[in-house]
Amino acid sequence: MKKIIIKSYRSDGTFISNITDANFEEFVKEINGGYGECVLTFARAFDDTNEDIELNNKIEILVCDKDTLGLSTTNGEVGGAKLIYKGYISNVNRVSEGSEKEKIVITVLGYYTKLSQDIFKNGTTTTISYTANFFSTMIKNILDRYVAETTNPQITYREEDIETTPTAGNYTFEMMTYREAIDKVISLTPANWFWYVDANGFFYLKEKPSTPTHQFIFGKHFSSIEANISIEGIINSILIWNGKDGVDAIYKFHEDIVSVAKYGRRVQKIVNYGADVEETLDYIADKIIAENKDPEIILTCQIVDNNLNNKGYDIESIEPGDTCVFTGFSGSMEELLRDNMLITSVKYTPEKVEIIVKVKDSGLMGWQKIINQKVSDGQNRGTPTDYTI
């Protein structure tokens, strides 16, 4: 039997109460991010003033089931409990259709979203430069500043969770949010590196695991799978500029000739003002091409919970950034789905999760992250007349 526990805390961490009159349907957790929106619905009066639903309160959701029996108890909960969501109340919506039809709906957001709400700085300094630093060290420094500059920070890191990147470089961060700075660093890392903030608020910088974290069996853990294959997101050529002119200008063109020959040239233009040396621009262009030069193959699969019957899986153990294989098929399908594939997104409900899996290395960076680096028409002005290769 699965039991869901919802707890409310003040923003300073002071426990308020267990919430027993609310329910939620789902939430999503993703790589290069963390826990997204979770909507809680309360059967309460329109004018309810209980302090457990005040704005910016911390909300925790825990689960007790047969998979958590061996865990240590949490606040006296019998059988132990596992934290599956933590966030803050960002919106309270009060609804009344007469006294017999009243409810309160709150929106909770994962704490990683707060990385977009403040400027990466050191005191009053908002331009911060790094020279010949490992990119993993830059990430640690950004997080150290976030913790130092934030009241009651809910995000931190453990040394073992920040894997050391194989490459280093230079970069200047100018008036960026913490989220923007982190995403810039990720754009400099090799293909298949990503970041993630888990339910406990621990920040991870990781390379895609080389061996499968999970094995999902057709007919036992899932009964159907959907595969979508598309060339719409292919980027096999990059025209990149550091935004400077004269002798300081760096303006280059990169392409993957195999992909261009097969799918035609599909160019993305980028301006990146923080890149002070050519090598930094090369890192950015090479990563985008490596992760987007091939057709995107996205698998969507629902994994059922093992508390419903003798089949199913411990769905609370599935995290974005894990890898998986699918077995139980035959022929070419079996070979395709035996590849070690990255789980990029997990949509959680108490009965099942829907996972999104990227096959091979296609599209790991994602179109939205590339959009954030695109050139606007205004930024095109001053571009050098000729690029180098």
# chains A, B, ... in the order shown; residues from 1 in each chain; ligands from 1
>>> residues_around(residues="Asn23 of chain A", least_positions_apart="2", cutoff="9 Å", atoms="only C-alpha atoms", output="list in words")
Ile6, Thr20, Asp21, Glu25, Val39, Leu40, Thr41 and Phe42 of chain A
>>> write_last_selection(atoms="C-alpha atoms", output="CSV table (one decimal), in the first residue's frame")
chain,number,residue,atom,x,y,z
A,6,ILE,CA,2.7,16.2,2.2
A,20,THR,CA,-4.0,15.9,4.9
A,21,ASP,CA,-6.6,17.6,2.7
A,25,GLU,CA,-1.9,14.6,-10.1
A,39,VAL,CA,-0.3,21.7,-8.4
A,40,LEU,CA,-2.0,20.9,-5.1
A,41,THR,CA,-5.8,21.1,-4.7
A,42,PHE,CA,-7.4,21.7,-1.3
>>> residues_around(residues="segment 220-229 of chain A", least_positions_apart="3", cutoff="6 Å", atoms="only C-alpha atoms", output="compact mmCIF listing (two decimals) with C-alpha atoms, in the first residue's frame")
# COMPACT_ATOMS: atom_id res chain seq x y z
CA PHE A 216 12.79 -2.22 -18.19
CA ILE A 217 11.14 -5.46 -19.34
CA GLU A 296 16.33 12.95 -33.00
CA ILE A 297 14.91 9.66 -31.77
CA ILE A 298 12.66 10.12 -28.74
CA LEU A 299 11.14 7.18 -26.91
CA THR A 300 8.16 7.71 -24.61
CA CYS A 301 7.23 4.92 -22.24
CA ILE A 303 6.51 2.45 -16.36
CA VAL A 304 3.94 1.16 -13.87
CA LYS A 311 4.70 -6.66 -11.75
CA GLY A 312 5.82 -3.07 -12.13
CA TYR A 313 8.91 -1.16 -11.00
>>> closest_residue(among="A:Glu100, A:Gly274, A:Lys2, A:Ile284", to="Phe46 of chain A", atoms="only C-alpha atoms")
A:Glu100
>>> residues_around(residues="Gly98 of chain A", least_positions_apart="3", cutoff="12 Å", atoms="only C-alpha atoms", output="ChimeraX atom specification")
/A:45-46,95,101-103
>>> select_by_dssp(residues="segment 45-172 of chain A", states="helix (DSSP H, G or I)", output="list in words")
Glu51, Asp52, Ile53, Tyr111, Tyr112, Thr113, Lys114, Leu115, Ser116, Phe135, Ser136, Thr137, Met138, Ile139, Lys140, Asn141, Ile142, Leu143, Asp144, Arg145, Tyr146, Val147, Ala148, Glu149, Glu159, Glu160 and Asp161 of chain A
>>> residues_around(residues="Cys38 of chain A", least_positions_apart="5", cutoff="7 Å", atoms="only C-alpha atoms", output="PyMOL selection string")
chain A and resi 26-27+107-109
>>> write_last_selection(atoms="C-alpha atoms", output="PDB file, in the first residue's frame")
ATOM      1  CA  GLU A  26       1.665  14.814 -11.394  1.00  0.00           C
ATOM      2  CA  PHE A  27       4.963  16.649 -11.595  1.00  0.00           C
ATOM      3  CA  THR A 107       1.228  25.974  -7.479  1.00  0.00           C
ATOM      4  CA  VAL A 108       4.548  24.696  -6.168  1.00  0.00           C
ATOM      5  CA  LEU A 109       7.800  25.127  -8.109  1.00  0.00           C
TER       6      LEU A 109
END
>>> atom_distance(atom1="atom CA of Phe202 of chain A", atom2="atom CA of Ile155 of chain A")
5.9 Å
>>> closest_residue(among="A:Asp198, A:Glu351, A:Asp322, A:Glu54", to="Asn93 of chain A", atoms="only C-alpha atoms")
A:Glu54
